[in-house]
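Participant: The structure file final_32.pdb (PDB, C-alpha atoms) is provided below.
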```
ATOM      1  CA  MET A  68      11.821   0.015 -19.182
ATOM      2  CA  GLU A  69       9.475   1.490 -16.592
ATOM      3  CA  ARG A  70       9.356  -0.132 -13.196
ATOM      4  CA  ALA A  71       6.548  -0.215 -10.712
ATOM      5  CA  GLY A  72       6.412   2.704  -8.326
ATOM      6  CA  GLU A  73       8.486   4.977 -10.557
ATOM      7  CA  SER A  74       7.616   7.811 -12.876
ATOM      8  CA  ARG A  75       9.656   9.317 -15.674
ATOM      9  CA  GLY A  76      11.090  12.101 -13.523
ATOM     10  CA  GLU A  77       8.189  14.478 -13.969
ATOM     11  CA  VAL A  78       7.811  17.161 -11.328
ATOM     12  CA  VAL A  79       4.566  16.704  -9.442
ATOM     13  CA  SER A  80       2.864  19.644  -7.767
ATOM     14  CA  PRO A  81       1.878  18.755  -4.206
ATOM     15  CA  GLY A  82      -1.627  20.205  -4.482
ATOM     16  CA  LYS A  83      -3.807  21.081  -1.536
ATOM     17  CA  TYR A  84      -4.854  17.533  -0.616
ATOM     18  CA  ALA A  85      -1.400  16.085   0.029
ATOM     19  CA  ARG A  86      -0.021  15.888   3.553
ATOM     20  CA  ILE A  87       3.531  15.575   4.784
ATOM     21  CA  GLU A  88       4.441  11.992   5.635
ATOM     22  CA  ARG A  89       6.819  11.648   8.575
ATOM     23  CA  GLU A  90       8.017   8.167   9.422
ATOM     24  CA  ARG A  91      11.069   6.271  10.567
ATOM     25  CA  ARG A  92      11.728   2.660   9.486
ATOM     26  CA  PHE A  93      13.575  -0.106  11.312
ATOM     27  CA  LEU A  94      14.632  -3.676  10.575
ATOM     28  CA  LEU A  95      13.645  -6.366  13.054
ATOM     29  CA  ALA A  96      15.157  -9.848  13.304
ATOM     30  CA  GLY A  97      11.743 -11.509  13.539
ATOM     31  CA  PRO A  98       8.006 -10.965  13.833
ATOM     32  CA  PRO A  99       6.461  -9.522  17.002
ATOM     33  CA  ALA A 100       5.237 -11.710  19.840
ATOM     34  CA  PRO A 101       1.512 -12.417  19.331
ATOM     35  CA  SER A 102       0.750 -11.080  22.820
ATOM     36  CA  SER A 103       2.048  -7.615  21.799
ATOM     37  CA  VAL A 104      -0.187  -7.293  18.702
ATOM     38  CA  THR A 105      -3.266  -5.048  19.007
ATOM     39  CA  ALA A 106      -4.518  -5.306  15.400
ATOM     40  CA  THR A 107      -3.702  -7.214  12.208
ATOM     41  CA  ARG A 108      -4.060  -6.264   8.532
ATOM     42  CA  VAL A 109      -3.315  -8.447   5.522
ATOM     43  CA  ILE A 110      -2.093  -6.021   2.876
ATOM     44  CA  THR A 111      -1.752  -6.422  -0.882
ATOM     45  CA  ASP A 112      -0.083  -3.448  -2.553
ATOM     46  CA  ARG A 113      -0.168  -3.031  -6.314
ATOM     47  CA  TYR A 114       2.467  -0.550  -7.526
ATOM     48  CA  LEU A 115       1.141   0.740 -10.842
ATOM     49  CA  VAL A 116       3.848   0.568 -13.511
ATOM     50  CA  GLY A 117       5.234   3.920 -14.649
ATOM     51  CA  THR A 118       3.601   5.904 -11.841
ATOM     52  CA  ARG A 119       3.985   6.932  -8.204
ATOM     53  CA  LEU A 120       0.648   5.314  -7.469
ATOM     54  CA  ARG A 121      -0.033   2.420  -5.130
ATOM     55  CA  LEU A 122      -3.326   0.553  -4.991
ATOM     56  CA  ARG A 123      -3.840  -1.024  -1.560
ATOM     57  CA  ARG A 124      -6.196  -3.695  -0.291
ATOM     58  CA  ALA A 125      -6.022  -4.032   3.514
ATOM     59  CA  GLU A 126      -8.110  -6.788   5.039
ATOM     60  CA  ARG A 127      -8.794  -7.034   8.771
ATOM     61  CA  PRO A 128      -9.058 -10.758   9.612
ATOM     62  CA  ASP A 129      -9.216  -9.996  13.350
ATOM     63  CA  ILE A 130     -12.402  -7.886  13.111
ATOM     64  CA  GLY A 131     -13.526  -8.286   9.502
ATOM     65  CA  GLY A 132     -13.737  -5.622   6.845
ATOM     66  CA  CYS A 133     -11.547  -4.360   4.069
ATOM     67  CA  GLU A 134     -10.075  -0.960   3.198
ATOM     68  CA  LEU A 135      -9.367  -0.069  -0.434
ATOM     69  CA  LYS A 136      -7.365   2.982  -1.391
ATOM     70  CA  LEU A 137      -5.254   4.626  -4.045
ATOM     71  CA  THR A 138      -2.149   6.410  -2.770
ATOM     72  CA  GLN A 139       0.303   8.780  -4.397
ATOM     73  CA  LYS A 140       3.664   9.253  -2.694
ATOM     74  CA  VAL A 141       5.970  12.039  -3.813
ATOM     75  CA  PRO A 142       9.423  11.562  -2.244
ATOM     76  CA  ALA A 143      10.977  14.451  -0.314
ATOM     77  CA  GLY A 144      14.344  14.164  -2.050
ATOM     78  CA  GLN A 145      16.142  14.578   1.271
ATOM     79  CA  LEU A 146      17.201  12.321   4.116
ATOM     80  CA  GLY A 147      15.349  12.073   7.415
ATOM     81  CA  ALA A 148      11.924  11.368   8.816
ATOM     82  CA  VAL A 149      10.067  13.579   6.307
ATOM     83  CA  GLN A 150       9.467  11.020   3.578
ATOM     84  CA  GLY A 151       7.616  13.393   1.278
ATOM     85  CA  LEU A 152       4.003  14.056   0.430
ATOM     86  CA  ILE A 153       1.223  11.499   0.526
ATOM     87  CA  THR A 154      -2.311  11.661  -0.837
ATOM     88  CA  ASN A 155      -4.910   8.927  -0.225
ATOM     89  CA  THR A 156      -8.207   8.350  -1.992
ATOM     90  CA  TYR A 157     -10.566   5.732  -0.555
ATOM     91  CA  LEU A 158     -12.223   3.519  -3.154
ATOM     92  CA  SER A 159     -15.366   1.470  -3.627
ATOM     93  CA  PRO A 160     -14.907  -2.211  -4.588
ATOM     94  CA  ALA A 161     -15.872  -1.396  -8.192
ATOM     95  CA  GLU A 162     -13.313   1.427  -8.387
ATOM     96  CA  TYR A 163     -10.639  -0.819  -6.879
ATOM     97  CA  ASP A 164     -11.402  -3.629  -9.349
ATOM     98  CA  LEU A 165     -11.140  -1.247 -12.292
ATOM     99  CA  LEU A 166      -7.761   0.131 -11.152
ATOM    100  CA  ALA A 167      -6.522  -3.383 -10.279
ATOM    101  CA  SER A 168      -6.766  -4.259 -13.979
ATOM    102  CA  LEU A 169      -3.825  -1.911 -14.724
ATOM    103  CA  PRO A 170      -0.272  -3.325 -15.003
ATOM    104  CA  ALA A 171       1.345  -3.477 -11.571
ATOM    105  CA  ALA A 172       3.959  -5.197  -9.452
ATOM    106  CA  VAL A 173       2.487  -6.810  -6.342
ATOM    107  CA  LEU A 174       3.814  -6.853  -2.798
ATOM    108  CA  SER A 175       2.135  -8.854   0.002
ATOM    109  CA  LYS A 176       2.602  -8.490   3.739
ATOM    110  CA  THR A 177       0.869  -8.751   7.074
ATOM    111  CA  ARG A 178       0.945  -5.621   9.227
ATOM    112  CA  PHE A 179       0.835  -6.061  12.965
ATOM    113  CA  SER A 180       0.056  -3.054  15.141
ATOM    114  CA  VAL A 181       2.474  -3.093  18.051
ATOM    115  CA  PRO A 182       2.210   0.454  19.392
ATOM    116  CA  PRO A 183       4.006   2.672  18.693
ATOM    117  CA  LEU A 184       5.054   0.627  15.641
ATOM    118  CA  GLY A 185       3.414  -0.942  12.648
ATOM    119  CA  VAL A 186       5.368  -4.131  11.929
ATOM    120  CA  ASP A 187       5.268  -5.550   8.392
ATOM    121  CA  VAL A 188       6.063  -9.233   7.890
ATOM    122  CA  PHE A 189       6.564  -9.785   4.162
ATOM    123  CA  GLU A 190       5.602 -12.755   1.994
ATOM    124  CA  GLY A 191       6.760 -14.227  -1.312
ATOM    125  CA  PRO A 192      10.315 -13.378  -2.397
ATOM    126  CA  LEU A 193      10.568 -10.923   0.523
ATOM    127  CA  ARG A 194       9.858 -13.648   3.091
ATOM    128  CA  GLY A 195      12.159 -13.065   6.056
ATOM    129  CA  LEU A 196      11.947  -9.271   5.901
ATOM    130  CA  VAL A 197      10.390  -7.731   9.005
ATOM    131  CA  LEU A 198      10.190  -3.963   8.771
ATOM    132  CA  ALA A 199       8.759  -1.684  11.449
ATOM    133  CA  GLU A 200       7.720   1.909  11.029
ATOM    134  CA  ALA A 201       6.636   4.675  13.332
ATOM    135  CA  GLU A 202       4.650   7.653  12.039
ATOM    136  CA  PHE A 203       4.775  11.145  13.493
ATOM    137  CA  THR A 204       2.804  14.382  13.299
ATOM    138  CA  GLY A 205       5.776  16.697  13.833
ATOM    139  CA  ASP A 206       9.521  16.893  13.277
ATOM    140  CA  GLY A 207      10.344  17.115  16.984
ATOM    141  CA  GLU A 208       8.346  13.980  17.722
ATOM    142  CA  ALA A 209      10.162  12.118  14.933
ATOM    143  CA  LEU A 210      13.610  13.273  16.056
ATOM    144  CA  GLY A 211      12.915  12.432  19.702
ATOM    145  CA  PHE A 212      11.643   8.906  19.069
ATOM    146  CA  VAL A 213      13.684   6.182  20.752
ATOM    147  CA  PRO A 214      13.149   2.842  18.983
ATOM    148  CA  PRO A 215      12.438  -0.237  21.084
ATOM    149  CA  PRO A 216      15.338  -2.651  21.685
ATOM    150  CA  GLU A 217      14.020  -5.233  19.174
ATOM    151  CA  CYS A 218      14.903  -2.826  16.336
ATOM    152  CA  VAL A 219      18.119  -4.139  14.769
ATOM    153  CA  ALA A 220      18.891  -1.130  12.559
ATOM    154  CA  GLU A 221      17.276   2.074  11.379
ATOM    155  CA  VAL A 222      16.743   2.148   7.608
ATOM    156  CA  THR A 223      14.782   5.400   7.302
ATOM    157  CA  ASP A 224      17.362   6.819   4.902
ATOM    158  CA  ASP A 225      17.924   3.559   3.003
ATOM    159  CA  ALA A 226      15.784   3.694  -0.152
ATOM    160  CA  ARG A 227      16.154  -0.076  -0.581
ATOM    161  CA  PHE A 228      13.616  -0.541   2.217
ATOM    162  CA  THR A 229      10.757   1.442   0.668
ATOM    163  CA  GLY A 230       7.742  -0.338  -0.812
ATOM    164  CA  GLY A 231       8.334   1.025  -4.316
ATOM    165  CA  ARG A 232      11.837  -0.430  -4.308
ATOM    166  CA  LEU A 233      11.081  -3.665  -2.433
ATOM    167  CA  VAL A 234       8.356  -4.669  -4.874
ATOM    168  CA  GLY A 235      10.985  -5.325  -7.555
ATOM    169  CA  THR A 236      13.617  -6.911  -5.312
ATOM    170  CA  SER A 237      14.732 -10.500  -5.821
ATOM    171  CA  ARG A 238      15.067 -12.939  -2.939
ATOM    172  CA  GLU A 239      18.838 -13.153  -3.424
ATOM    173  CA  ARG A 240      19.229  -9.386  -3.301
ATOM    174  CA  LEU A 241      17.031  -9.123  -0.192
ATOM    175  CA  LEU A 242      19.070 -11.776   1.630
ATOM    176  CA  ALA A 243      22.278  -9.883   0.777
ATOM    177  CA  TRP A 244      20.807  -6.631   2.107
ATOM    178  CA  LEU A 245      19.639  -8.279   5.326
ATOM    179  CA  GLY A 246      23.060  -9.911   5.700
ATOM    180  CA  GLU A 247      24.616  -6.438   5.779
ATOM    181  CA  PHE A 248      22.722  -5.905   9.054
ATOM    182  CA  GLY A 249      23.519  -9.349  10.466
ATOM    183  CA  ILE A 250      20.015 -10.680   9.789
ATOM    184  CA  ARG A 251      19.910 -14.217   8.405
ATOM    185  CA  PRO A 252      16.314 -15.410   8.150
ATOM    186  CA  CYS A 253      15.715 -19.107   8.801
ATOM    187  CA  ALA A 254      13.123 -20.596   6.465
ATOM    188  CA  PRO A 255      11.134 -22.535   9.123
ATOM    189  CA  GLN A 256      10.813 -19.419  11.292
ATOM    190  CA  TRP A 257       9.005 -17.463   8.575
TER     191      TRP A 257
END
```
What does the file become when written as structure tokens?
Facilitator:
Amino acid sequence: MERAGESRGEVVSPGKYARIERERRFLLAGPPAPSSVTATRVITDRYLVGTRLRLRRAERPDIGGCELKLTQKVPAGQLGAVQGLITNTYLSPAEYDLLASLPAAVLSKTRFSVPPLGVDVFEGPLRGLVLAEAEFTGDGEALGFVPPPECVAEVTDDARFTGGRLVGTSRERLLAWLGEFGIRPCAPQW
């Protein structure tokens, strides 16, 4: 059975439009303080079944507007900040609607910009997961990054905390994973 965010092991040529994606990911015990947030996006990701494609709708409730894009992520196959190759295509509403009719697993979250991090607070079965990421333009910058003290653990090399994997994760499994890091979400807090 094919899962969302996965392909059948085909080798994908990077092509000339892909760029290297460098990021580090961290678990947080809770959402950021509202006073530290500079921007907010409500994100719905649709991981198209049997592919490495993600369809994203990012709404900006703080300033209005919506960004629609199709993304392909090709994993690096190695540990570290270089996550692989990423290619984005920006879509019109009609293009988005057409692609949204394809079978997909859906992941919902709110992303708070708290420079230098983007902090994702997840919804649905992933409620209680707060994942921060920092993106970098070079390897040295990624290696030299010192995470803020609110970061509980780095999970850059833990594939369980990637969108393609999280989208198919049950609540029970998520709570077990978070428990490994000493994080025990309280329902009223989220």
Participant: Nearest residue to Ala148 in chain A out of A:Ala220, A:Leu210, A:Leu233, A:Val188, using only C-alpha atoms?
Facilitator: A:Leu210
Participant: Find the residues around range 98-111 of chain A up to 7 Å (only C-alpha atoms counted), leave out those fewer than 2 positions away in its own chain, and share them as an mmCIF file with C-alpha atoms, keeping the file's coordinate frame.
Facilitator:
```
data_model
loop_
_atom_site.group_PDB
_atom_site.id
_atom_site.type_symbol
_atom_site.label_atom_id
_atom_site.label_comp_id
_atom_site.auth_asym_id
_atom_site.auth_seq_id
_atom_site.Cartn_x
_atom_site.Cartn_y
_atom_site.Cartn_z
ATOM 1 C CA ARG A 113 -0.168 -3.031 -6.314
ATOM 2 C CA ARG A 123 -3.840 -1.024 -1.560
ATOM 3 C CA ARG A 124 -6.196 -3.695 -0.291
ATOM 4 C CA ALA A 125 -6.022 -4.032 3.514
ATOM 5 C CA GLU A 126 -8.110 -6.788 5.039
ATOM 6 C CA ARG A 127 -8.794 -7.034 8.771
ATOM 7 C CA PRO A 128 -9.058 -10.758 9.612
ATOM 8 C CA ASP A 129 -9.216 -9.996 13.350
ATOM 9 C CA VAL A 173 2.487 -6.810 -6.342
ATOM 10 C CA LEU A 174 3.814 -6.853 -2.798
ATOM 11 C CA SER A 175 2.135 -8.854 0.002
ATOM 12 C CA LYS A 176 2.602 -8.490 3.739
ATOM 13 C CA THR A 177 0.869 -8.751 7.074
ATOM 14 C CA ARG A 178 0.945 -5.621 9.227
ATOM 15 C CA PHE A 179 0.835 -6.061 12.965
ATOM 16 C CA SER A 180 0.056 -3.054 15.141
ATOM 17 C CA VAL A 181 2.474 -3.093 18.051
ATOM 18 C CA VAL A 188 6.063 -9.233 7.890
ATOM 19 C CA VAL A 197 10.390 -7.731 9.005
#
```
Participant: Using all atoms listed in the file, find the one residue out of A:Ala226, A:Leu94, A:Ala167, A:Ala161 that sits nearest to Gln145 in chain A.
Facilitator: A:Ala226
Participant: Which one of A:Ala199, A:Val213, A:Leu158, A:Val149 sits closest to Glu134 in chain A if you count all atoms listed in the file?
Facilitator: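 Counting all atoms listed in the file, the residue closest to Glu134 in chain A is A:Leu158.
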Participant: So, counting only C-alpha atoms, which residue among A:Val234, A:Arg86, A:Leu137, A:Ile130 is closest to Glu190 in chain A?
Facilitator: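 Counting only C-alpha atoms, the residue closest to Glu190 in chain A is A:Val234.
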Participant: Kindly provide, as JSON, the centre and edge lengths (Å, one decimal) of an axis-aligned box around all atoms of range 152-157 of chain A given in the file, with 6 Å on each side.
Facilitator:
```
{"center_x": -3.3, "center_y": 9.9, "center_z": -0.7, "size_x": 26.6, "size_y": 20.3, "size_z": 14.5}
```
Participant: Report the distance between CA of Asp224 in chain A and CA of Gly191 in chain A in Å, rounded to one decimal place.
Facilitator: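 According to the coordinates, CA of Asp224 in chain A and CA of Gly191 in chain A are separated by 24.4 Å.
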Participant: Hey, can you check how far CA of Arg238 in chain A sits from CA of Val186 in chain A?
Facilitator: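 Distance reported for this atom pair: 19.8 Å.
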Participant: Separation of CA of Leu166 in chain A and CA of Thr236 in chain A, in Å?
Facilitator: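 Result for CA of Leu166 in chain A versus CA of Thr236 in chain A: 23.3 Å, one decimal.
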Participant: Determine the nearest neighbour of Thr156 in chain A from the options A:Leu241, A:Leu196, A:Ala201, A:Leu120, counting all atoms listed in the file.
Facilitator: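 Smallest separation from Thr156 in chain A among the options: A:Leu120.
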Participant: Enumerate, as JSON, numbers by chain, the residues matched when the PyMOL selection byres ((chain A and resi 92) around 8) is run on the file above.
Facilitator: {"A": [90, 91, 93, 94, 198, 199, 200, 201, 221, 222, 223]}
Participant: Out of A:Phe228, A:Gln139, A:Pro214, A:Gly249, which residue has the shortest atom-to-atom distance to Leu115 in chain A when counting all atoms listed in the file?
Facilitator: A:Gln139
Participant: Within 12 Å of Leu169 in chain A, counting only C-alpha atoms, which residues qualify if same-chain residues fewer than 3 places away don't, as an NGL selection string?
Facilitator: :A and (71 or 113-118 or 120-122 or 162-166 or 172-173)
